[in-house]
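Everything below concerns the one structure shown next.
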Amino acid sequence: MSTTVTEAGAPPARLPLSDVLARHRTALIGGLALVALLLGALLLGGGAWPARFSVDLSGPLGDASDWIIDNRDSHPLFLYFFGHVSNAVVLSVRAVYLVLLAAGWAGVTAGAGLVAWRLAGLRPALTAVAAFGVCGLLGMWVPTMQTLALMVVAVAASVLLGLVLGLAAGLSDRVHRALRPVLDTMQVLPAFAYLLPVVLVFGIGVPAAVLATVVYAAPPMARLTALGLRGADAGVLEAAASLGATGRQRLLTARLPLARKELLLGVNQSIMMALSMAVIASVIGAGGLGDRVYQALASVDVGAALAAGVPVVLLAVVLDRVTAAAGARIGAAPARGTGLGWAAAAAGTVAAALVGRSAGRLSWPDAWTVDVAAFVNRAVDWMTAHLYSGVPVIGGTADWAARFTTWVLDPVRDGLRWLPWWTVLLLVAVLALLVGTWRTAATAVLAMVAIGVLGVWDPALDTLSQVLAAVAVTLVAGVATGVAAGRSSRLERLLRPVLDVFQTMPQFVYLIPVVALFGVGRAPAVAAAVVYALPAVVRITTQGMRAVDPVVMESSRSLGATARQQLWRVQLPLARPALLLAVNQGVVLVLAVVIIGGLVGGGALGYEVVFGLAQGDLATGLVAGAAIVCLGLMLDRVTQPAGKEHHDA
Amino acid sequence: MRRRTIAAATAFGLLALTGCGAADMTKQSSPYADAHGARTVTLSVQSWVGAQANAAVARYLLEHELGYRVDTVQIDEVPAWDALSQGRVDAILEDWGHPEQEQRYVEDKKTIVPGGELGVTGHIGWFVPKYFADAHPDVTDWKHLNAYADRLRTAESGGKGQLLDGSPSYVTNDKALVKNLDLDYQVVFSGSEAAQITQIKQFAKEKKPFLTYWYKPQWLFEQVPMTEVKLPAYEEGCDADPEKVACAYPHTPLRKFLNARFADRGGRAAAFLKHFRWTTRAQNEVALMIADQKLSPEEAAERWVRKNGPIWRAWLPK
Amino acid sequence: MNTEPPAPSEPPVSEPPVFSVRELWKVFGPKAGRVPSDPALAALGPAELRERTGCTAAVREVSFDVRRGEVFVVMGLSGSGKSTLVRCLTRLIEPTSGAIAIDGEDVLSMDAARLRRLRRHRAAMVFQHFGLLPHRSVLDNVAYGLEIQGVPRAERRARAAEFVAKVGLEGMEHRRPAQLSGGQQQRVGLARALAVDPEVLLFDEPFSALDPLIRRDMQEEVVRLHGEEGRTMVFITHDLGEALKLGDRIALMRDGRIVQLGTPEEIVGAPADDYVRDFVRDVPREQVMTVRSAMRPATAAETDHGPALAPGATVHEAIEAVVRSGGTARVVEHGRCLGVVGHADLLGVVAGLAPREEAA
């Protein structure tokens with residue numbers, strides 16, 4: 001676009017008043033907060049959220065739940081809408097599953113390898129073949145295929161739905177404005193919170209699991225599609241228009257292809273989200289690998305849980321590598337002989353499948369499996385036996401957990417509860433104002449008010465204290481590790497696979513070791529959250545450190561700065577945006593596993609969601625879920641620097 | 001104009017695809033079922049190992065003796081009732097008593113029918129480890145519990161003694177009990193049975209005292225011997241008002257429930273599941289193989305079946 | 001200041017001009033439509049207008065004709081409205097008021113389909129930042145305009161290959177734009193515009209993003225193409241040298257208005273106001289001015305002696321001739337001597353003294 005237009009679009013000069021306001025922002029916020037504090041002390045007094053401001057939703061929610069159960073097999077809404085949806089899901093999952101079974105392990109492995117080779121090259125192809133081999137070796141072939149079938153359908157539906165939403169939001173400003181807050185909210189919504197309503201409508205089973213997965217995995221696709229369409233090079237679009245392209249031509253030949261990187265990243269994200277959900281959805285009968293993990297959890301068998309969890313990690317790594325490599329490849333090389341390559345891949349797959357079939361080896365041979373469970377269990381037993389207590393000097397993990405609970409978790413929780421309810425709101429408002437804008441502050445405060453109104457003020461503050469403690473630990477450990485990895489490539493290379501594994505490992509797998517080390521209570525909940533959130537924080541910090549302009553580093557060296565001075569004076573300040581992002585991501589991720597924390601004695605909101613799910617109690621579960629979402633919104637807004645576009649996890 | 005045509009065509013296509021008619025999703029089975037063309041039975045397996053033992057043996061016999069294919073689904077108890085009502089699962093083999101659900105599904109909707117008793121009697125109670133009870137015999141009476149609150153303190157329970165509770169899916173009156181019996185204890189919910197078992201094992205390894213909500217039959221007793229703490233005796237109806245409970249938990253004969261349609265048309269499989277009835281000892285034997293020796297449920301079932309022919313042959317339909 | 005629209009005072013041509021623009025306005029901002037119609041607002045300067053209405057007038061009351069076969073240059077600094085103006089011609093930016101005709105046909109009243117036909121077949125544009133599709137090969141980029149027209153694949157690729165060759169990119173058909181240099185990319189942009197065989201080519205600062213040497217190559221390419229095909233071109237630039245080199249006529253814009261419209265010689269030789277004068281001050285005048293404007297009536301003695309020059313010869317060429325001959329040179333057209341130039345006349349042009357005044 002010409003410079004003329006840009007200039008024309010510039011806002012009118014700032015009024016002097018807003019200048020003054022901007023300059024004395026901090027002082028102004030402080031002053032207002034002081035006034036509010038005095039007023040509040042005079043008018044509102046202390047104590048927790050007053051009961052007269054809360055609404056009891058258990059009646060209406062209970063009624064709604066009863067209505068659904070009573071009408072599920074008779075009401076037209078269920079017969080003619082949800083029924084068909086459910087039917088379609090069952091049919092498609094079944095179709096994919098039968099195809100996978102018919103292809104046999106040889107066909108599936110060969111097919112995966114060849115597709116990866118076409119899309120991403122030789123290395124990812126070998127990874128794919130090895131990954132499927134390991135799935136078979138672990139004796140998890142059939143569950144892996146079940147999960148894969150569910151994933152294929154769920155990801156296809158998510159991508160389709162996300163694409164439609166993203167197209168709408170990318171092309172229409174009004175839809176974009178309407179959709180953005182929804183997508184923002186979805187992003188902080190923990191996976192567990194979706195399960196209860198979905199299971200109520202669709203009942204236990206694959207349809208509910210697929211739909212919960214779709215609801216979870218579609219938002220990143222929608223968000224990235226819209227982002228890609230909106231970010232398309234205006235010059236190219238103008239060129240297309242200048243050649244007389246119709247709206248549709250412009251969309252199909254220019255806009256969508258220009259957004260292909262974002263689209264592919266969207267697919268990648270959808271796959272990752274779907275995979276993490278596939279395990280969680282085992283709670284509502286998704287079957288497959290998740291179910292194996294969940295059943296192993298019930299018999300306190302870490303080894304078996306790990307054997308079922310490893311295929312999940314492998315699937316995640318393969319799918320991630322392949323889609324990422326395919327994304328990086330786009331536009332790099334001229335595509336030639338594509339048709340031929342794909343034909344070869346298809347022929348190879350069919351050939352492998354036929355060979356497998358004629359050899360009578362459709363399912364993975366039992367003789368080829370390796371039992372890792374016993375070994376893993378011994379290792380875990382040894383670890384917990386030696387670390388749990390009585391370690392000289394530093395004390396055992398149990399002692400740490402006890403001290404952490406007594407000296408960190410208890411004071412924070414009691415402190416939060418001691419604060420009069422309105423000062424909590426005030427605190428949130430001031431924090432949000434200091435880092436963000438008036439708008440983010442309003443959202444944050446409203447979210448806290450909603451928690452009060454829902455009548456879960458006390459458990460929410462308990463959860464909040466756990467989240468704060470976990471975030472603090474995550475940040476200290478994560479930033480330190482990230483800084484170290486940012487300065488040493490070797491450490492980064494060493495860390496990378498570890499981070500990959502922890503990020504994709506189903507959380508159910510490490511629940512038992514966490515309890516074995518830290519006992520039941522809030523400490524293991526915090527530990528589980530730290531394990532889950534740490535990889536992202538480390539990664540973002542490392543990237544931030546790496547992204548510091550080498551010229552600046554060189555010039556500081558030329559001035560004779562020591563390594564230490566460089567770190568504190570140059571790298572860390574320049575990596576500030578990345579560090580802020582790390583804080584924000586840490587908060588969101590920690591909150592995402594609060595419910596998992598409920599499974600190891602974390603109590604509070606997490607326990608209530610688990611309770612709601614276990615007892616089919618919509619009132620408890622949904623209210624607690626909503627409160628977690630509100631907490632998430634509040635924390636996200638409070639940690640989101642002003643003027644920054646919402647990032648895409 | 002064109003857009004409208006497309007929309008109409010899409011709508012029509014969708015209708016044609018789904019067959020225009022009603023689709024009762026309560027009558028849809030699992031997509032993984034029946035993959036090899038066999039008749040399929042879906043069993044609900046609750047998260048505890050006793051239930052896994054039931055399902056493993058039933059599954060083994062259904063598959064090897066009656067030629068069925070069996071799917072198992074692990075779901076919590078209340079949702080399992082819902083799934084049973086919908087036909088997503090065909091049978092629950094071990095139910096600890098859910099009067100509300102029984103009223104709704106068995107009495108009102110008639111989508112579930114009772115399948116007789118499992119032969120095992122369940123009991124919930126408060127337990128302390130045997131080594132602690134042996135050293136301090138008076139701890140097994142609730143009246144003396146307060147004297148030990150100090151020794152049962154943990155970081156999580158704050159200044160009070162800790163009463164360890166389990167999975168949120170379990171029936172529990174413990175909060176009310178603690179309050180009504182005026183005990184200096186704090187109920188700590190471990191959130192899942194796995195967490196609770198892990199914690200108990202850790203305590204046992206250290207020979208630390210603890211007080212926990214637990215239930216019988218349970219294989220963990222074989223590993224960590226525990227003694228029950230006597231609560232005020234159970235009387236019929238003393239637990240009617242959940243707020244005012246001040247008595248022990250009852251002894252519950254565990255029962256089986258079948259989906260009504262399955263019970264009707266399930267043929268030999270339904271008949272077999274109705275006859276399935278064993279003992280606490282037998283269940284524990286299988287459970288222990290699964291949980292303690294880490295055998296897969298299939299192997300455990302196979303071992304038990306090989307030794308106990310006379311017992312299970314009686315379950316097979318004539 | 002010469003605010004009068006430069007009336008098309010040239011002798012009437014038999015066929016209508018390619019583009020005929022009359023009193024065109026483009027105003028950005030809230031309720032932009034009121035600005036052109038309200039004389040009080042229309043008379044305001046840019047700063048006042050923005051303060052009073054929040055609007056910016058990118059193009060103000062502009063009128064001009066583009067004749068068939070000419071290179072019409074619109075020149076101005078950034079922010080002068082020239083890019084907006086060229087986009088108004090095919091309504092990539094919708095004008096606020098005024099009239100635009102192409103071959104006598106009203107552009108502003110066209111419906112979407114006819115406007116698309118105009119863009120597809122009659123006017124093609126070359127952009128400053130190329131606007132190439134990064135995911136397509138050079139060949140498919142050049143064929144893109146034809147694809148939009150619905151030309152079958154084989155045919156459009158054949159035609160595209162022809163134009164790839166024409167702009168000198170043979171052998172690079174299968175590269176991606178990212179694998180080309182800036183100059184090569186702009187050749188692709190040029191080929192893409194040429195491939196649809198438009199009646200008029202619109203260039204929006206096409207060479208501003210290129211290195212100086214490559215820029216010169218590209219300018220020569222345009223001169224060559226124009227010489228070969230005689231296609232009408234509208235050329236936007238902020239580079240006066242480029243304007244003088246390429247333009248048959250130049251419209252000089254400032255704050256959305258055309259301050260002067262004329263041949264390069266008229267602009268350099270007779271700046272309409274101080275702004276233009278300031279603008280052209282550093283121009284090497286001998287390269288632009290012709291002897292026609294430098295000559296004086298010949299004395300009887302001079303009519304027969306000295307080398308002969310055409311009236312269109314530049315002062316630069318005349319200096320060479322005069323220096324070589326040692327005396328004056330004659331300006332001869334159709335065998336008739338129009339006048340002579342000597343040292344003093346030529347130096348006067350180079351020094352920027354108004355030669356006409358002297359001659360008058």
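Residues are referred to by chain and number: the chain letter is A, B, ... according to the order shown in the structure tokens, the number counts from 1 in that chain, and ligands are numbered separately from 1 in the order shown.
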DSSP strand (DSSP E) selection over region 71-207 of chain C, as an NGL selection string: :C and (71-76 or 97-102 or 105-106 or 123-126 or 200-204)
Go ahead and save the residues from that selection, with N, CA, C and O atoms, as a compact mmCIF listing (two decimals), in the first residue's frame.
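Here's the written file selection_17.txt:
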# COMPACT_ATOMS: atom_id res chain seq x y z
N VAL C 71 4.17 7.74 -22.65
CA VAL C 71 4.53 7.37 -21.29
C VAL C 71 4.19 8.57 -20.42
O VAL C 71 4.80 9.63 -20.54
N PHE C 72 3.18 8.39 -19.59
CA PHE C 72 2.71 9.49 -18.76
C PHE C 72 3.24 9.26 -17.35
O PHE C 72 2.93 8.23 -16.72
N VAL C 73 4.09 10.17 -16.88
CA VAL C 73 4.70 9.97 -15.57
C VAL C 73 4.00 10.84 -14.53
O VAL C 73 3.75 12.02 -14.78
N VAL C 74 3.66 10.25 -13.41
CA VAL C 74 3.17 11.03 -12.27
C VAL C 74 4.29 11.02 -11.24
O VAL C 74 4.75 9.96 -10.82
N MET C 75 4.72 12.22 -10.89
CA MET C 75 5.90 12.35 -10.06
C MET C 75 5.59 13.12 -8.80
O MET C 75 4.82 14.08 -8.86
N GLY C 76 6.17 12.73 -7.72
CA GLY C 76 5.95 13.49 -6.50
C GLY C 76 6.67 12.80 -5.36
O GLY C 76 7.09 11.66 -5.48
N SER C 97 -14.75 11.49 -5.49
CA SER C 97 -15.61 12.14 -6.47
C SER C 97 -14.79 12.45 -7.70
O SER C 97 -13.57 12.31 -7.70
N GLY C 98 -15.48 12.88 -8.77
CA GLY C 98 -14.79 13.18 -10.00
C GLY C 98 -15.18 12.21 -11.09
O GLY C 98 -16.15 11.45 -10.93
N ALA C 99 -14.43 12.21 -12.17
CA ALA C 99 -14.77 11.35 -13.30
C ALA C 99 -13.50 10.74 -13.87
O ALA C 99 -12.47 11.38 -13.93
N ILE C 100 -13.60 9.45 -14.24
CA ILE C 100 -12.50 8.77 -14.93
C ILE C 100 -13.11 8.06 -16.12
O ILE C 100 -14.15 7.40 -15.99
N ALA C 101 -12.50 8.23 -17.30
CA ALA C 101 -12.97 7.49 -18.46
C ALA C 101 -11.79 6.75 -19.06
O ALA C 101 -10.67 7.27 -19.09
N ILE C 102 -12.03 5.54 -19.51
CA ILE C 102 -11.01 4.82 -20.27
C ILE C 102 -11.56 4.63 -21.68
O ILE C 102 -12.67 4.10 -21.85
N GLU C 105 -15.01 5.55 -21.95
CA GLU C 105 -16.01 4.80 -21.20
C GLU C 105 -15.88 5.14 -19.71
O GLU C 105 -14.77 5.08 -19.17
N ASP C 106 -16.99 5.42 -19.07
CA ASP C 106 -16.97 5.86 -17.68
C ASP C 106 -16.55 4.69 -16.77
O ASP C 106 -17.19 3.63 -16.77
N ALA C 123 -6.00 -2.84 -18.39
CA ALA C 123 -4.97 -2.13 -17.65
C ALA C 123 -4.30 -3.11 -16.68
O ALA C 123 -4.98 -3.70 -15.84
N ALA C 124 -3.01 -3.30 -16.82
CA ALA C 124 -2.30 -4.18 -15.91
C ALA C 124 -1.28 -3.36 -15.14
O ALA C 124 -0.75 -2.37 -15.65
N MET C 125 -1.02 -3.80 -13.91
CA MET C 125 -0.21 -2.97 -13.03
C MET C 125 1.06 -3.70 -12.58
O MET C 125 1.07 -4.92 -12.41
N VAL C 126 2.12 -2.92 -12.42
CA VAL C 126 3.38 -3.42 -11.89
C VAL C 126 3.61 -2.70 -10.56
O VAL C 126 3.49 -1.48 -10.50
N VAL C 200 -3.05 -0.63 -21.50
CA VAL C 200 -2.20 0.32 -20.80
C VAL C 200 -1.52 -0.38 -19.62
O VAL C 200 -2.11 -1.24 -18.97
N LEU C 201 -0.25 -0.02 -19.42
CA LEU C 201 0.49 -0.56 -18.29
C LEU C 201 0.56 0.50 -17.21
O LEU C 201 0.91 1.65 -17.49
N LEU C 202 0.27 0.11 -15.99
CA LEU C 202 0.38 1.06 -14.88
C LEU C 202 1.56 0.62 -14.02
O LEU C 202 1.64 -0.52 -13.59
N PHE C 203 2.49 1.54 -13.80
CA PHE C 203 3.65 1.21 -12.97
C PHE C 203 3.57 2.02 -11.68
O PHE C 203 3.48 3.23 -11.73
N ASP C 204 3.60 1.32 -10.54
CA ASP C 204 3.59 2.06 -9.27
C ASP C 204 4.98 1.97 -8.65
O ASP C 204 5.32 0.99 -7.99
Test item: residues at most 9 Å from Pro209 (chain B), only C-alpha atoms, excluding those fewer than 4 positions along its chain, as a PyMOL selection string: chain B and resi 128-129+131-133+151-152+203-204
Residues from last step as file, all heavy atoms, as an mmCIF file, in the first residue's frame:
data_model
loop_
_atom_site.group_PDB
_atom_site.id
_atom_site.type_symbol
_atom_site.label_atom_id
_atom_site.label_comp_id
_atom_site.auth_asym_id
_atom_site.auth_seq_id
_atom_site.Cartn_x
_atom_site.Cartn_y
_atom_site.Cartn_z
ATOM 1 N N VAL B 128 -6.261 -48.605 60.307
ATOM 2 C CA VAL B 128 -4.899 -48.218 60.661
ATOM 3 C C VAL B 128 -4.016 -49.424 60.367
ATOM 4 O O VAL B 128 -4.496 -50.559 60.355
ATOM 5 C CB VAL B 128 -4.760 -47.845 62.161
ATOM 6 C CG1 VAL B 128 -5.471 -46.542 62.451
ATOM 7 C CG2 VAL B 128 -5.276 -48.959 63.047
ATOM 8 N N PRO B 129 -2.728 -49.215 60.111
ATOM 9 C CA PRO B 129 -1.869 -50.351 59.809
ATOM 10 C C PRO B 129 -1.725 -51.261 61.028
ATOM 11 O O PRO B 129 -1.811 -50.808 62.165
ATOM 12 C CB PRO B 129 -0.533 -49.698 59.433
ATOM 13 C CG PRO B 129 -0.579 -48.340 60.036
ATOM 14 C CD PRO B 129 -2.008 -47.926 60.031
ATOM 15 N N TYR B 131 0.798 -52.829 62.219
ATOM 16 C CA TYR B 131 1.933 -52.585 63.124
ATOM 17 C C TYR B 131 1.611 -51.488 64.125
ATOM 18 O O TYR B 131 2.057 -51.501 65.259
ATOM 19 C CB TYR B 131 3.203 -52.258 62.325
ATOM 20 C CG TYR B 131 3.060 -51.141 61.281
ATOM 21 C CD1 TYR B 131 3.039 -49.799 61.646
ATOM 22 C CD2 TYR B 131 2.955 -51.458 59.931
ATOM 23 C CE1 TYR B 131 2.908 -48.806 60.699
ATOM 24 C CE2 TYR B 131 2.824 -50.472 58.971
ATOM 25 C CZ TYR B 131 2.807 -49.143 59.359
ATOM 26 O OH TYR B 131 2.666 -48.166 58.420
ATOM 27 N N PHE B 132 0.779 -50.532 63.706
ATOM 28 C CA PHE B 132 0.417 -49.450 64.635
ATOM 29 C C PHE B 132 -0.608 -49.951 65.646
ATOM 30 O O PHE B 132 -0.525 -49.656 66.842
ATOM 31 C CB PHE B 132 -0.132 -48.277 63.815
ATOM 32 C CG PHE B 132 -0.346 -47.026 64.608
ATOM 33 C CD1 PHE B 132 0.688 -46.484 65.363
ATOM 34 C CD2 PHE B 132 -1.574 -46.362 64.600
ATOM 35 C CE1 PHE B 132 0.497 -45.323 66.091
ATOM 36 C CE2 PHE B 132 -1.763 -45.207 65.332
ATOM 37 C CZ PHE B 132 -0.729 -44.687 66.068
ATOM 38 N N ALA B 133 -1.576 -50.741 65.128
ATOM 39 C CA ALA B 133 -2.618 -51.268 66.025
ATOM 40 C C ALA B 133 -2.014 -52.216 67.056
ATOM 41 O O ALA B 133 -2.451 -52.255 68.203
ATOM 42 C CB ALA B 133 -3.689 -51.984 65.201
ATOM 43 N N ARG B 151 -0.049 -37.821 66.518
ATOM 44 C CA ARG B 151 0.897 -38.694 65.824
ATOM 45 C C ARG B 151 0.507 -38.895 64.364
ATOM 46 O O ARG B 151 1.298 -39.364 63.560
ATOM 47 C CB ARG B 151 0.956 -40.052 66.522
ATOM 48 C CG ARG B 151 1.321 -39.913 67.990
ATOM 49 C CD ARG B 151 1.787 -41.203 68.558
ATOM 50 N NE ARG B 151 2.801 -41.824 67.707
ATOM 51 C CZ ARG B 151 3.302 -43.034 67.946
ATOM 52 N NH1 ARG B 151 2.876 -43.727 68.967
ATOM 53 N NH2 ARG B 151 4.220 -43.534 67.142
ATOM 54 N N LEU B 152 -0.720 -38.581 64.021
ATOM 55 C CA LEU B 152 -1.207 -38.791 62.654
ATOM 56 C C LEU B 152 -1.206 -37.500 61.857
ATOM 57 O O LEU B 152 -1.848 -37.392 60.827
ATOM 58 C CB LEU B 152 -2.615 -39.399 62.696
ATOM 59 C CG LEU B 152 -2.662 -40.805 63.308
ATOM 60 C CD1 LEU B 152 -4.097 -41.237 63.557
ATOM 61 C CD2 LEU B 152 -1.950 -41.804 62.422
ATOM 62 N N PHE B 203 3.805 -44.999 53.390
ATOM 63 C CA PHE B 203 3.733 -44.968 54.863
ATOM 64 C C PHE B 203 4.171 -46.308 55.434
ATOM 65 O O PHE B 203 4.923 -46.373 56.404
ATOM 66 C CB PHE B 203 2.294 -44.664 55.308
ATOM 67 C CG PHE B 203 1.923 -43.209 55.252
ATOM 68 C CD1 PHE B 203 0.647 -42.809 54.869
ATOM 69 C CD2 PHE B 203 2.846 -42.221 55.608
ATOM 70 C CE1 PHE B 203 0.304 -41.468 54.829
ATOM 71 C CE2 PHE B 203 2.495 -40.874 55.562
ATOM 72 C CZ PHE B 203 1.227 -40.507 55.174
ATOM 73 N N ALA B 204 3.678 -47.381 54.788
ATOM 74 C CA ALA B 204 3.962 -48.718 55.314
ATOM 75 C C ALA B 204 5.454 -49.023 55.251
ATOM 76 O O ALA B 204 6.019 -49.630 56.154
ATOM 77 C CB ALA B 204 3.174 -49.762 54.533
#
Who sits within 12 Å of Gln543 (chain A), only C-alpha atoms, same chain under 4 positions skipped, as a PyMOL selection string: chain A and resi 479+481-487+489+492+536-539+547-549+571-572+574-579+581-582
Chain A contacts on chain C, only C-alpha atoms, 7 Å, as a list in words: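 So the contacting residues turn out to be Phe28, Thr56, Ala58, Ser78, Gly79, Ser80, Gly81, Ser83, Thr84, Leu92, Arg116, Arg117, Arg119, Arg120, Ala124, Met125, His129, Gly131, Leu132, Leu133, Pro134, His135, Gly145, Ile148, His174, Arg175 and Arg176 of chain C.
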Put those residues in a file: N, CA, C and O atoms, as a tab-separated table (two decimals), in the first residue's frame.
chain	number	residue	atom	x	y	z
C	28	PHE	N	-9.51	10.35	2.46
C	28	PHE	CA	-9.59	9.30	3.48
C	28	PHE	C	-10.10	9.91	4.77
C	28	PHE	O	-9.70	11.01	5.14
C	56	THR	N	-8.05	13.22	5.40
C	56	THR	CA	-6.87	13.57	4.62
C	56	THR	C	-7.24	13.45	3.15
C	56	THR	O	-7.78	12.42	2.74
C	58	ALA	N	-5.96	12.71	-0.22
C	58	ALA	CA	-4.77	12.17	-0.87
C	58	ALA	C	-4.70	12.67	-2.31
C	58	ALA	O	-3.62	12.92	-2.84
C	78	SER	N	6.98	11.23	-1.45
C	78	SER	CA	6.06	10.33	-0.77
C	78	SER	C	5.03	11.17	-0.02
C	78	SER	O	5.35	12.23	0.52
C	79	GLY	N	3.79	10.69	-0.05
C	79	GLY	CA	2.72	11.43	0.58
C	79	GLY	C	2.07	12.43	-0.34
C	79	GLY	O	1.16	13.16	0.07
C	80	SER	N	2.52	12.50	-1.60
C	80	SER	CA	1.93	13.49	-2.49
C	80	SER	C	0.65	12.98	-3.14
C	80	SER	O	-0.05	13.73	-3.80
C	81	GLY	N	0.35	11.69	-2.95
C	81	GLY	CA	-0.92	11.18	-3.47
C	81	GLY	C	-0.80	10.45	-4.78
C	81	GLY	O	-1.80	10.00	-5.33
C	83	SER	N	0.52	7.48	-5.60
C	83	SER	CA	0.16	6.06	-5.60
C	83	SER	C	-1.35	5.88	-5.48
C	83	SER	O	-1.93	4.98	-6.08
C	84	THR	N	-1.96	6.72	-4.67
C	84	THR	CA	-3.41	6.67	-4.56
C	84	THR	C	-4.04	6.97	-5.91
C	84	THR	O	-4.99	6.30	-6.33
C	92	LEU	N	-8.82	0.31	-7.70
C	92	LEU	CA	-8.30	-0.48	-6.60
C	92	LEU	C	-8.52	0.30	-5.32
C	92	LEU	O	-8.67	-0.25	-4.23
C	116	ARG	N	-13.98	-5.89	-13.51
C	116	ARG	CA	-13.04	-7.01	-13.60
C	116	ARG	C	-12.51	-7.17	-15.02
C	116	ARG	O	-11.33	-7.41	-15.23
C	117	ARG	N	-13.44	-7.00	-16.01
C	117	ARG	CA	-12.97	-7.10	-17.39
C	117	ARG	C	-11.93	-6.03	-17.69
C	117	ARG	O	-10.93	-6.27	-18.37
C	119	ARG	N	-9.89	-4.66	-15.57
C	119	ARG	CA	-8.62	-5.01	-14.92
C	119	ARG	C	-7.96	-6.20	-15.61
C	119	ARG	O	-6.74	-6.31	-15.66
C	120	ARG	N	-8.78	-7.11	-16.13
C	120	ARG	CA	-8.20	-8.32	-16.73
C	120	ARG	C	-7.57	-8.02	-18.08
C	120	ARG	O	-6.56	-8.62	-18.43
C	124	ALA	N	-3.01	-3.30	-16.82
C	124	ALA	CA	-2.30	-4.18	-15.91
C	124	ALA	C	-1.28	-3.36	-15.14
C	124	ALA	O	-0.75	-2.37	-15.65
C	125	MET	N	-1.02	-3.80	-13.91
C	125	MET	CA	-0.21	-2.97	-13.03
C	125	MET	C	1.06	-3.70	-12.58
C	125	MET	O	1.07	-4.92	-12.41
C	129	HIS	N	6.48	-3.48	-4.67
C	129	HIS	CA	6.99	-4.66	-3.98
C	129	HIS	C	6.59	-5.92	-4.70
C	129	HIS	O	6.38	-6.97	-4.10
C	131	GLY	N	4.52	-7.99	-5.56
C	131	GLY	CA	3.25	-8.69	-5.39
C	131	GLY	C	3.23	-10.05	-6.06
C	131	GLY	O	2.21	-10.47	-6.60
C	132	LEU	N	4.34	-10.78	-5.97
C	132	LEU	CA	4.38	-12.12	-6.58
C	132	LEU	C	3.86	-13.15	-5.58
C	132	LEU	O	3.94	-12.96	-4.38
C	133	LEU	N	3.35	-14.26	-6.11
C	133	LEU	CA	2.87	-15.33	-5.25
C	133	LEU	C	4.07	-16.22	-4.89
C	133	LEU	O	4.64	-16.87	-5.75
C	134	PRO	N	4.44	-16.25	-3.61
C	134	PRO	CA	5.68	-16.93	-3.23
C	134	PRO	C	5.63	-18.44	-3.44
C	134	PRO	O	6.67	-19.07	-3.54
C	135	HIS	N	4.42	-19.01	-3.49
C	135	HIS	CA	4.34	-20.46	-3.58
C	135	HIS	C	4.32	-20.95	-5.02
C	135	HIS	O	4.18	-22.14	-5.26
C	145	GLY	N	-2.24	-13.95	-14.36
C	145	GLY	CA	-3.29	-13.10	-14.92
C	145	GLY	C	-4.14	-13.87	-15.92
C	145	GLY	O	-5.38	-13.73	-15.95
C	148	ILE	N	-6.47	-16.24	-14.13
C	148	ILE	CA	-7.65	-15.55	-13.61
C	148	ILE	C	-8.67	-15.32	-14.72
C	148	ILE	O	-9.87	-15.39	-14.52
C	174	HIS	N	11.25	-22.26	-13.52
C	174	HIS	CA	10.75	-23.10	-12.44
C	174	HIS	C	11.26	-22.68	-11.07
C	174	HIS	O	11.05	-23.36	-10.08
C	175	ARG	N	11.93	-21.53	-11.06
C	175	ARG	CA	12.34	-21.05	-9.73
C	175	ARG	C	11.16	-20.43	-9.00
C	175	ARG	O	10.17	-20.03	-9.60
C	176	ARG	N	11.35	-20.30	-7.68
C	176	ARG	CA	10.36	-19.59	-6.87
C	176	ARG	C	10.81	-18.15	-6.72
C	176	ARG	O	12.03	-17.87	-6.76
Residues of chain A within 7 Å of chain B, counting only C-alpha atoms, as a VMD selection string: chain A and resid 73 79 to 80 83 to 84 86 to 87 90 to 91 93 to 94 203 to 206 283 to 285 295 297 to 300 402 405 to 406 512 515 to 516 519 to 521 598 to 601 603 607 610 to 611 614 to 616
Residue contacts of Gly342 (chain C) (10 Å, only C-alpha atoms) excluding same-chain residues fewer than 6 positions away, as a list of chain:residue names: C:Ala294, C:Met295, C:Arg296, C:Ala318, C:Ile319, C:Ala321, C:Val322, C:Val323, C:Gly326, C:Gly327, C:Thr328, C:Ala329, C:Arg330, C:Gly348
